[in-house]
$ cat run_36.csv   # CSV, C-alpha atoms
chain,number,residue,atom,x,y,z
A,1,MET,CA,-16.5,-25.7,-8.5
A,2,ALA,CA,-14.1,-25.5,-5.5
A,3,ALA,CA,-11.6,-27.8,-7.1
A,4,MET,CA,-11.4,-25.9,-10.3
A,5,ASP,CA,-8.7,-23.4,-11.3
A,6,PRO,CA,-9.9,-19.8,-10.9
A,7,ASP,CA,-8.9,-19.1,-14.5
A,8,GLN,CA,-11.1,-22.0,-15.6
A,9,VAL,CA,-14.0,-20.8,-13.4
A,10,SER,CA,-13.8,-17.3,-14.7
A,11,ARG,CA,-13.5,-18.4,-18.3
A,12,ALA,CA,-16.5,-20.8,-17.9
A,13,PHE,CA,-18.5,-18.0,-16.3
A,14,VAL,CA,-17.7,-15.6,-19.1
A,15,ASP,CA,-18.6,-18.1,-21.8
A,16,HIS,CA,-21.9,-18.9,-20.0
A,17,TYR,CA,-22.7,-15.2,-19.5
A,18,TYR,CA,-22.2,-14.0,-23.0
A,19,ASN,CA,-23.7,-17.2,-24.6
A,20,THR,CA,-26.8,-16.6,-22.5
A,21,PHE,CA,-26.8,-12.9,-23.3
A,22,ASP,CA,-26.7,-13.6,-27.1
A,23,ALA,CA,-29.1,-16.6,-27.2
A,24,ASN,CA,-31.5,-16.2,-24.3
A,25,ARG,CA,-31.0,-12.8,-22.6
A,26,ALA,CA,-33.9,-13.2,-20.2
A,27,GLY,CA,-32.0,-16.1,-18.7
A,28,LEU,CA,-29.4,-13.8,-17.3
A,29,VAL,CA,-31.7,-12.9,-14.3
A,30,SER,CA,-30.7,-16.2,-12.6
A,31,LEU,CA,-27.1,-15.0,-12.3
A,32,TYR,CA,-28.1,-12.0,-10.1
A,33,GLN,CA,-29.6,-11.7,-6.6
A,34,ASP,CA,-31.2,-8.9,-4.5
A,35,ALA,CA,-27.8,-7.5,-3.5
A,36,SER,CA,-26.5,-7.4,-7.1
A,37,MET,CA,-25.5,-4.1,-8.7
A,38,LEU,CA,-25.2,-3.1,-12.3
A,39,THR,CA,-23.6,0.1,-13.6
A,40,PHE,CA,-24.4,0.2,-17.4
A,41,GLU,CA,-22.8,3.1,-19.2
A,42,GLY,CA,-23.0,5.1,-16.0
A,43,GLN,CA,-26.6,4.1,-15.1
A,44,GLN,CA,-27.0,2.3,-11.8
A,45,PHE,CA,-29.4,-0.6,-11.1
A,46,GLN,CA,-29.8,-2.8,-8.0
A,47,GLY,CA,-31.4,-6.2,-7.6
A,48,ALA,CA,-32.0,-9.0,-10.1
A,49,PRO,CA,-35.4,-7.8,-11.4
A,50,ASN,CA,-34.2,-4.2,-12.1
A,51,ILE,CA,-31.0,-5.5,-13.7
A,52,ALA,CA,-32.8,-8.0,-15.9
A,53,ASN,CA,-35.3,-5.3,-16.9
A,54,LYS,CA,-32.4,-3.1,-18.0
A,55,LEU,CA,-30.7,-5.8,-20.0
A,56,ASN,CA,-33.9,-7.0,-21.6
A,57,SER,CA,-34.9,-3.4,-22.6
A,58,LEU,CA,-31.7,-2.6,-24.4
A,59,PRO,CA,-32.5,-1.1,-27.9
A,60,PHE,CA,-31.4,-4.2,-29.8
A,61,GLN,CA,-32.8,-7.8,-29.9
A,62,GLN,CA,-29.9,-9.6,-31.5
A,63,CYS,CA,-26.3,-9.3,-30.7
A,64,LYS,CA,-23.1,-11.3,-30.6
A,65,HIS,CA,-20.3,-10.8,-28.1
A,66,ASN,CA,-16.8,-11.8,-29.1
A,67,ILE,CA,-14.4,-12.0,-26.1
A,68,SER,CA,-10.8,-10.7,-26.5
A,69,THR,CA,-9.4,-11.0,-23.0
A,70,VAL,CA,-10.4,-12.5,-19.6
A,71,ASP,CA,-8.4,-11.6,-16.5
A,72,CYS,CA,-9.3,-12.8,-13.0
A,73,GLN,CA,-8.2,-12.3,-9.4
A,74,PRO,CA,-9.5,-13.4,-6.0
A,75,SER,CA,-11.3,-10.5,-4.4
A,76,GLY,CA,-10.1,-11.4,-0.9
A,77,ALA,CA,-13.7,-11.9,0.4
A,78,HIS,CA,-15.2,-15.3,1.1
A,79,GLY,CA,-14.2,-16.9,-2.1
A,80,GLY,CA,-15.1,-14.0,-4.3
A,81,MET,CA,-13.6,-13.5,-7.7
A,82,LEU,CA,-13.0,-10.5,-9.9
A,83,VAL,CA,-13.4,-11.1,-13.6
A,84,PHE,CA,-12.3,-8.4,-16.1
A,85,VAL,CA,-13.4,-8.8,-19.8
A,86,SER,CA,-12.7,-6.9,-23.0
A,87,GLY,CA,-14.3,-7.7,-26.2
A,88,ILE,CA,-16.4,-6.7,-29.2
A,89,LEU,CA,-20.2,-6.4,-29.4
A,90,GLN,CA,-21.6,-6.9,-32.9
A,91,LEU,CA,-25.1,-5.6,-33.6
A,92,PRO,CA,-27.1,-6.4,-36.7
A,93,GLY,CA,-26.9,-3.7,-39.3
A,94,GLU,CA,-24.0,-2.0,-37.6
A,95,GLU,CA,-21.0,-1.8,-39.9
A,96,HIS,CA,-18.5,-1.2,-37.1
A,97,PRO,CA,-18.4,-3.5,-34.1
A,98,LEU,CA,-18.4,-1.9,-30.7
A,99,LYS,CA,-15.6,-2.5,-28.3
A,100,PHE,CA,-16.5,-3.0,-24.7
A,101,SER,CA,-15.0,-3.6,-21.3
A,102,GLN,CA,-16.9,-5.2,-18.4
A,103,MET,CA,-16.0,-6.3,-14.9
A,104,PHE,CA,-17.8,-8.8,-12.7
A,105,HIS,CA,-17.5,-9.6,-9.0
A,106,LEU,CA,-18.6,-13.2,-8.5
A,107,VAL,CA,-19.5,-14.3,-4.9
A,108,PRO,CA,-20.5,-17.7,-3.7
A,109,THR,CA,-24.2,-18.3,-2.9
A,110,ALA,CA,-25.3,-20.1,0.3
A,111,GLU,CA,-25.6,-23.2,-2.0
A,112,GLY,CA,-22.0,-22.9,-3.2
A,113,SER,CA,-22.6,-21.7,-6.8
A,114,LEU,CA,-21.5,-18.2,-7.9
A,115,PHE,CA,-23.7,-15.1,-8.4
A,116,VAL,CA,-22.9,-11.7,-9.8
A,117,LEU,CA,-22.6,-9.2,-6.9
A,118,ASN,CA,-21.0,-6.4,-9.0
A,119,ASP,CA,-21.3,-5.7,-12.8
A,120,ILE,CA,-19.9,-2.6,-14.5
A,121,PHE,CA,-20.1,-2.3,-18.3
A,122,ARG,CA,-18.6,0.4,-20.6
A,123,LEU,CA,-18.4,0.8,-24.3
A,124,ASN,CA,-15.0,2.0,-25.4
A,125,TYR,CA,-15.9,4.5,-28.0
A,126,ALA,CA,-13.5,4.8,-30.9
B,1,MET,CA,-12.9,9.3,4.5
B,2,ALA,CA,-15.9,7.5,6.0
B,3,ALA,CA,-18.1,10.5,5.7
B,4,MET,CA,-17.4,11.0,2.0
B,5,ASP,CA,-19.6,10.0,-0.8
B,6,PRO,CA,-18.3,6.8,-2.6
B,7,ASP,CA,-18.2,8.6,-5.9
B,8,GLN,CA,-16.1,11.3,-4.4
B,9,VAL,CA,-13.7,8.8,-2.8
B,10,SER,CA,-13.3,6.9,-6.0
B,11,ARG,CA,-12.8,10.1,-8.1
B,12,ALA,CA,-10.3,11.4,-5.6
B,13,PHE,CA,-8.4,8.0,-5.7
B,14,VAL,CA,-8.4,8.0,-9.5
B,15,ASP,CA,-7.1,11.6,-9.7
B,16,HIS,CA,-4.4,10.8,-7.1
B,17,TYR,CA,-3.4,7.5,-8.7
B,18,TYR,CA,-2.9,8.8,-12.3
B,19,ASN,CA,-1.3,12.1,-11.2
B,20,THR,CA,1.2,10.1,-9.2
B,21,PHE,CA,1.7,7.7,-12.1
B,22,ASP,CA,2.4,10.6,-14.5
B,23,ALA,CA,4.5,12.8,-12.1
B,24,ASN,CA,6.2,10.4,-9.6
B,25,ARG,CA,5.6,6.8,-10.6
B,26,ALA,CA,7.8,5.4,-7.9
B,27,GLY,CA,5.3,6.9,-5.4
B,28,LEU,CA,2.7,4.4,-6.4
B,29,VAL,CA,4.3,1.8,-4.2
B,30,SER,CA,2.6,3.3,-1.1
B,31,LEU,CA,-0.8,2.5,-2.5
B,32,TYR,CA,-0.2,-1.3,-2.5
B,33,GLN,CA,0.5,-3.9,0.3
B,34,ASP,CA,1.7,-7.4,0.5
B,35,ALA,CA,-1.7,-8.9,-0.4
B,36,SER,CA,-2.0,-6.6,-3.5
B,37,MET,CA,-2.4,-8.2,-6.9
B,38,LEU,CA,-1.7,-6.6,-10.3
B,39,THR,CA,-2.6,-8.1,-13.7
B,40,PHE,CA,-1.0,-5.9,-16.4
B,41,GLU,CA,-1.8,-7.0,-19.9
B,42,GLY,CA,-2.2,-10.5,-18.7
B,43,GLN,CA,1.0,-10.6,-16.6
B,44,GLN,CA,0.4,-11.3,-12.9
B,45,PHE,CA,2.3,-9.7,-10.0
B,46,GLN,CA,1.8,-9.9,-6.2
B,47,GLY,CA,3.0,-7.7,-3.4
B,48,ALA,CA,3.9,-4.0,-3.4
B,49,PRO,CA,7.6,-4.4,-4.3
B,50,ASN,CA,6.9,-6.6,-7.3
B,51,ILE,CA,4.0,-4.4,-8.5
B,52,ALA,CA,6.1,-1.2,-8.1
B,53,ASN,CA,9.0,-2.9,-10.0
B,54,LYS,CA,6.7,-3.7,-12.9
B,55,LEU,CA,5.2,-0.2,-13.1
B,56,ASN,CA,8.7,1.4,-12.8
B,57,SER,CA,10.1,-0.8,-15.5
B,58,LEU,CA,7.5,-0.1,-18.2
B,59,PRO,CA,9.3,0.9,-21.4
B,60,PHE,CA,8.4,4.6,-21.2
B,61,GLN,CA,9.5,7.3,-18.8
B,62,GLN,CA,7.0,10.0,-19.5
B,63,CYS,CA,3.3,9.5,-20.0
B,64,LYS,CA,-0.1,11.3,-19.4
B,65,HIS,CA,-3.3,9.6,-18.5
B,66,ASN,CA,-6.5,11.3,-19.5
B,67,ILE,CA,-9.6,9.8,-17.7
B,68,SER,CA,-12.8,9.3,-19.7
B,69,THR,CA,-15.1,7.5,-17.2
B,70,VAL,CA,-15.0,6.5,-13.5
B,71,ASP,CA,-17.6,4.0,-12.2
B,72,CYS,CA,-17.7,2.7,-8.6
B,73,GLN,CA,-19.6,0.2,-6.5
B,74,PRO,CA,-19.2,-1.1,-3.0
B,75,SER,CA,-17.6,-4.6,-3.2
B,76,GLY,CA,-19.7,-5.9,-0.3
B,77,ALA,CA,-16.6,-6.7,1.9
B,78,HIS,CA,-15.6,-4.6,4.9
B,79,GLY,CA,-15.9,-1.2,3.2
B,80,GLY,CA,-14.2,-2.2,0.0
B,81,MET,CA,-14.9,-0.4,-3.2
B,82,LEU,CA,-14.6,-1.3,-6.9
B,83,VAL,CA,-13.5,1.4,-9.2
B,84,PHE,CA,-13.6,1.0,-13.0
B,85,VAL,CA,-11.8,3.5,-15.2
B,86,SER,CA,-11.6,4.1,-18.9
B,87,GLY,CA,-9.2,6.6,-20.4
B,88,ILE,CA,-6.5,7.4,-22.8
B,89,LEU,CA,-2.7,7.0,-22.3
B,90,GLN,CA,-0.6,9.5,-24.2
B,91,LEU,CA,3.1,8.5,-24.7
B,92,PRO,CA,5.7,10.9,-26.0
B,93,GLY,CA,6.4,10.5,-29.7
B,94,GLU,CA,3.3,8.3,-30.2
B,95,GLU,CA,1.0,9.9,-32.7
B,96,HIS,CA,-2.0,7.8,-31.6
B,97,PRO,CA,-3.0,7.8,-28.0
B,98,LEU,CA,-3.7,4.4,-26.4
B,99,LYS,CA,-7.1,3.6,-25.0
B,100,PHE,CA,-7.1,1.7,-21.7
B,101,SER,CA,-9.5,0.2,-19.1
B,102,GLN,CA,-8.5,-0.5,-15.6
B,103,MET,CA,-10.2,-1.7,-12.4
B,104,PHE,CA,-9.2,-1.3,-8.8
B,105,HIS,CA,-10.5,-3.0,-5.7
B,106,LEU,CA,-9.8,-0.6,-2.8
B,107,VAL,CA,-9.9,-2.0,0.7
B,108,PRO,CA,-9.5,-0.2,4.0
B,109,THR,CA,-6.2,-0.6,5.9
B,110,ALA,CA,-6.1,-1.2,9.6
B,111,GLU,CA,-5.5,2.6,9.9
B,112,GLY,CA,-8.6,3.5,8.0
B,113,SER,CA,-7.1,4.6,4.7
B,114,LEU,CA,-7.6,2.7,1.5
B,115,PHE,CA,-5.1,0.4,-0.3
B,116,VAL,CA,-5.3,-1.3,-3.7
B,117,LEU,CA,-6.0,-5.0,-3.2
B,118,ASN,CA,-6.8,-5.8,-6.8
B,119,ASP,CA,-5.6,-4.0,-10.0
B,120,ILE,CA,-6.3,-5.2,-13.5
B,121,PHE,CA,-5.1,-3.1,-16.5
B,122,ARG,CA,-5.7,-3.7,-20.2
B,123,LEU,CA,-5.0,-1.6,-23.3
B,124,ASN,CA,-8.0,-1.5,-25.7
B,125,TYR,CA,-6.2,-2.0,-29.0
B,126,ALA,CA,-7.9,-0.3,-31.9
$ encode --input "run_36.csv" --output "structure tokens"
Amino acid sequence: MAAMDPDQVSRAFVDHYYNTFDANRAGLVSLYQDASMLTFEGQQFQGAPNIANKLNSLPFQQCKHNISTVDCQPSGAHGGMLVFVSGILQLPGEEHPLKFSQMFHLVPTAEGSLFVLNDIFRLNYA
Amino acid sequence: MAAMDPDQVSRAFVDHYYNTFDANRAGLVSLYQDASMLTFEGQQFQGAPNIANKLNSLPFQQCKHNISTVDCQPSGAHGGMLVFVSGILQLPGEEHPLKFSQMFHLVPTAEGSLFVLNDIFRLNYA
């Protein structure tokens, strides 16, 4: 991925993340490691197993994320990248879609791929 | 600041940032350095002078930020801290306040205070 444009990398990550969330949520665990942190609506979780457990136990089985904006910047640390997303979360049976914002800090693994070190998610209540 | 709780540090930064923005916007320049990056509604700026110029040339003179949520996580790099904010921006004469989300990556200076390395701002259009 080193030769790719950062905007392309972040957009590819975002597409992969939300497609996985919507189609095979349990598969998200592979994007996190022991050092990973998730703050979900103010609740804090650390480590891939705890994060996956939180995501898999959300009170809805089906959902669809529609992405509105993706912004990225280098984080200044060892090839890390900050990715800032805004979008809409559609739940079955919910008349009104939910707006959300989420940020990721992607950091290279020893093997050269990227994992999610930091993840902060907030719904933007209307 | 090393002895302070990260949540306290991030909350103090957020209060300082938006109070300065609302009362003395030109003073924000001191929070950025040459390496700092701002992405404002998709527009990219680098370096304290360019960032300050953008913030000072926004098409409104008076504004009031009301903060709804502040989340923080260590960024894993040399005492850096990620701060994720959601809130409401009230402009004079605007009937409807604007919702926004913003993330900061705060990094220690050589002198031990914190500066804004990364700043990404988005309005959450209704």
$ atom_distance --input "run_36.csv" --atom1 "CA of Asp5 in chain A" --atom2 "CA of Gln102 in chain B"
23.3 Å
$ closest_atom_pairs --input "run_36.csv" --of "chain B" --to "chain A" --cutoff "7 Å" --atoms "all atoms listed in the file" --output "Markdown table"
| residue | atom | partner | partner_atom | distance |
| --- | --- | --- | --- | --- |
| B:Gly42 | CA | A:Asp71 | CA | 6.7 |
| B:Asp71 | CA | A:Gly42 | CA | 6.7 |
| B:Ser75 | CA | A:Asn118 | CA | 7.0 |
| B:Ala77 | CA | A:Ala77 | CA | 6.1 |
| B:Asn118 | CA | A:Ser75 | CA | 6.9 |
$ atom_distance --input "run_36.csv" --atom1 "CA of Val9 in chain A" --atom2 "CA of Gln33 in chain A"
19.3 Å
$ closest_residue --input "run_36.csv" --among "B:Gln8, B:Ser113, B:Gln62, B:Asn56" --to "Ala23 in chain B" --atoms "all atoms listed in the file"
B:Gln62
$ atom_distance --input "run_36.csv" --atom1 "CA of Asp22 in chain A" --atom2 "CA of Pro108 in chain A"
24.6 Å
$ residues_around --input "run_36.csv" --residues "Lys64 in chain A" --least-positions-apart "3" --cutoff "7 Å" --atoms "only C-alpha atoms" --output "PyMOL selection string"
chain A and resi 22+89-91
$ residues_near_point --input "run_36.csv" --point "(2.2, -0.9, -4.1)" --cutoff "12 Å" --atoms "all atoms listed in the file" --output "JSON, numbers by chain"
{"B": [17, 21, 25, 26, 27, 28, 29, 30, 31, 32, 33, 34, 35, 36, 37, 38, 45, 46, 47, 48, 49, 50, 51, 52, 53, 54, 55, 56, 114, 115, 116, 117, 118, 119]}
$ build_atoms --input "run_36.csv" --residues "range 100-122 of chain A" --atoms "N, CA, C and O atoms" --output "short mmCIF file (atom, residue, chain, number, x, y, z; two decimals), keeping the file's coordinate frame"
data_model
loop_
_atom_site.label_atom_id
_atom_site.label_comp_id
_atom_site.auth_asym_id
_atom_site.auth_seq_id
_atom_site.Cartn_x
_atom_site.Cartn_y
_atom_site.Cartn_z
N PHE A 100 -16.01 -3.16 -26.01
CA PHE A 100 -16.50 -3.00 -24.70
C PHE A 100 -15.54 -3.51 -23.63
O PHE A 100 -14.69 -4.36 -23.95
N SER A 101 -15.67 -3.02 -22.41
CA SER A 101 -15.00 -3.60 -21.30
C SER A 101 -16.05 -3.82 -20.18
O SER A 101 -17.00 -3.03 -20.06
N GLN A 102 -15.90 -4.88 -19.41
CA GLN A 102 -16.90 -5.20 -18.40
C GLN A 102 -16.17 -5.91 -17.23
O GLN A 102 -15.26 -6.72 -17.46
N MET A 103 -16.57 -5.59 -16.02
CA MET A 103 -16.00 -6.30 -14.90
C MET A 103 -17.17 -6.93 -14.06
O MET A 103 -18.25 -6.33 -13.93
N PHE A 104 -16.90 -8.12 -13.54
CA PHE A 104 -17.80 -8.80 -12.70
C PHE A 104 -17.15 -9.14 -11.34
O PHE A 104 -15.97 -9.51 -11.32
N HIS A 105 -17.90 -9.03 -10.25
CA HIS A 105 -17.50 -9.60 -9.00
C HIS A 105 -18.39 -10.75 -8.66
O HIS A 105 -19.58 -10.55 -8.42
N LEU A 106 -17.83 -11.96 -8.73
CA LEU A 106 -18.60 -13.20 -8.50
C LEU A 106 -18.40 -13.60 -7.03
O LEU A 106 -17.27 -13.63 -6.53
N VAL A 107 -19.50 -13.93 -6.37
CA VAL A 107 -19.50 -14.30 -4.90
C VAL A 107 -20.28 -15.55 -4.75
O VAL A 107 -21.32 -15.74 -5.39
N PRO A 108 -19.80 -16.46 -3.90
CA PRO A 108 -20.50 -17.70 -3.70
C PRO A 108 -21.90 -17.49 -3.06
O PRO A 108 -22.05 -16.66 -2.14
N THR A 109 -22.88 -18.24 -3.53
CA THR A 109 -24.20 -18.30 -2.90
C THR A 109 -24.11 -19.21 -1.68
O THR A 109 -23.14 -19.94 -1.49
N ALA A 110 -25.19 -19.21 -0.86
CA ALA A 110 -25.30 -20.10 0.30
C ALA A 110 -25.16 -21.58 -0.21
O ALA A 110 -24.69 -22.46 0.52
N GLU A 111 -25.60 -21.84 -1.44
CA GLU A 111 -25.60 -23.20 -2.00
C GLU A 111 -24.24 -23.56 -2.64
O GLU A 111 -24.07 -24.68 -3.12
N GLY A 112 -23.33 -22.58 -2.72
CA GLY A 112 -22.00 -22.90 -3.20
C GLY A 112 -21.78 -22.59 -4.70
O GLY A 112 -20.67 -22.75 -5.20
N SER A 113 -22.80 -22.16 -5.42
CA SER A 113 -22.60 -21.70 -6.80
C SER A 113 -22.19 -20.19 -6.70
O SER A 113 -22.09 -19.62 -5.62
N LEU A 114 -21.98 -19.58 -7.83
CA LEU A 114 -21.50 -18.20 -7.90
C LEU A 114 -22.66 -17.28 -8.40
O LEU A 114 -23.36 -17.67 -9.34
N PHE A 115 -22.80 -16.10 -7.82
CA PHE A 115 -23.70 -15.10 -8.40
C PHE A 115 -22.91 -13.81 -8.64
O PHE A 115 -21.82 -13.62 -8.10
N VAL A 116 -23.49 -12.94 -9.47
CA VAL A 116 -22.90 -11.70 -9.80
C VAL A 116 -23.28 -10.62 -8.77
O VAL A 116 -24.42 -10.18 -8.77
N LEU A 117 -22.34 -10.24 -7.90
CA LEU A 117 -22.60 -9.20 -6.90
C LEU A 117 -22.43 -7.81 -7.59
O LEU A 117 -23.22 -6.88 -7.39
N ASN A 118 -21.36 -7.67 -8.37
CA ASN A 118 -21.00 -6.40 -9.00
C ASN A 118 -20.84 -6.60 -10.51
O ASN A 118 -20.21 -7.57 -10.92
N ASP A 119 -21.35 -5.66 -11.29
CA ASP A 119 -21.30 -5.70 -12.80
C ASP A 119 -21.16 -4.29 -13.26
O ASP A 119 -22.05 -3.47 -13.00
N ILE A 120 -20.06 -3.97 -13.93
CA ILE A 120 -19.90 -2.60 -14.50
C ILE A 120 -19.51 -2.80 -15.96
O ILE A 120 -18.58 -3.54 -16.31
N PHE A 121 -20.27 -2.12 -16.82
CA PHE A 121 -20.10 -2.30 -18.30
C PHE A 121 -19.88 -0.89 -18.89
O PHE A 121 -20.56 0.09 -18.57
N ARG A 122 -18.91 -0.84 -19.82
CA ARG A 122 -18.60 0.40 -20.60
C ARG A 122 -18.30 0.05 -22.01
O ARG A 122 -17.52 -0.86 -22.28
#
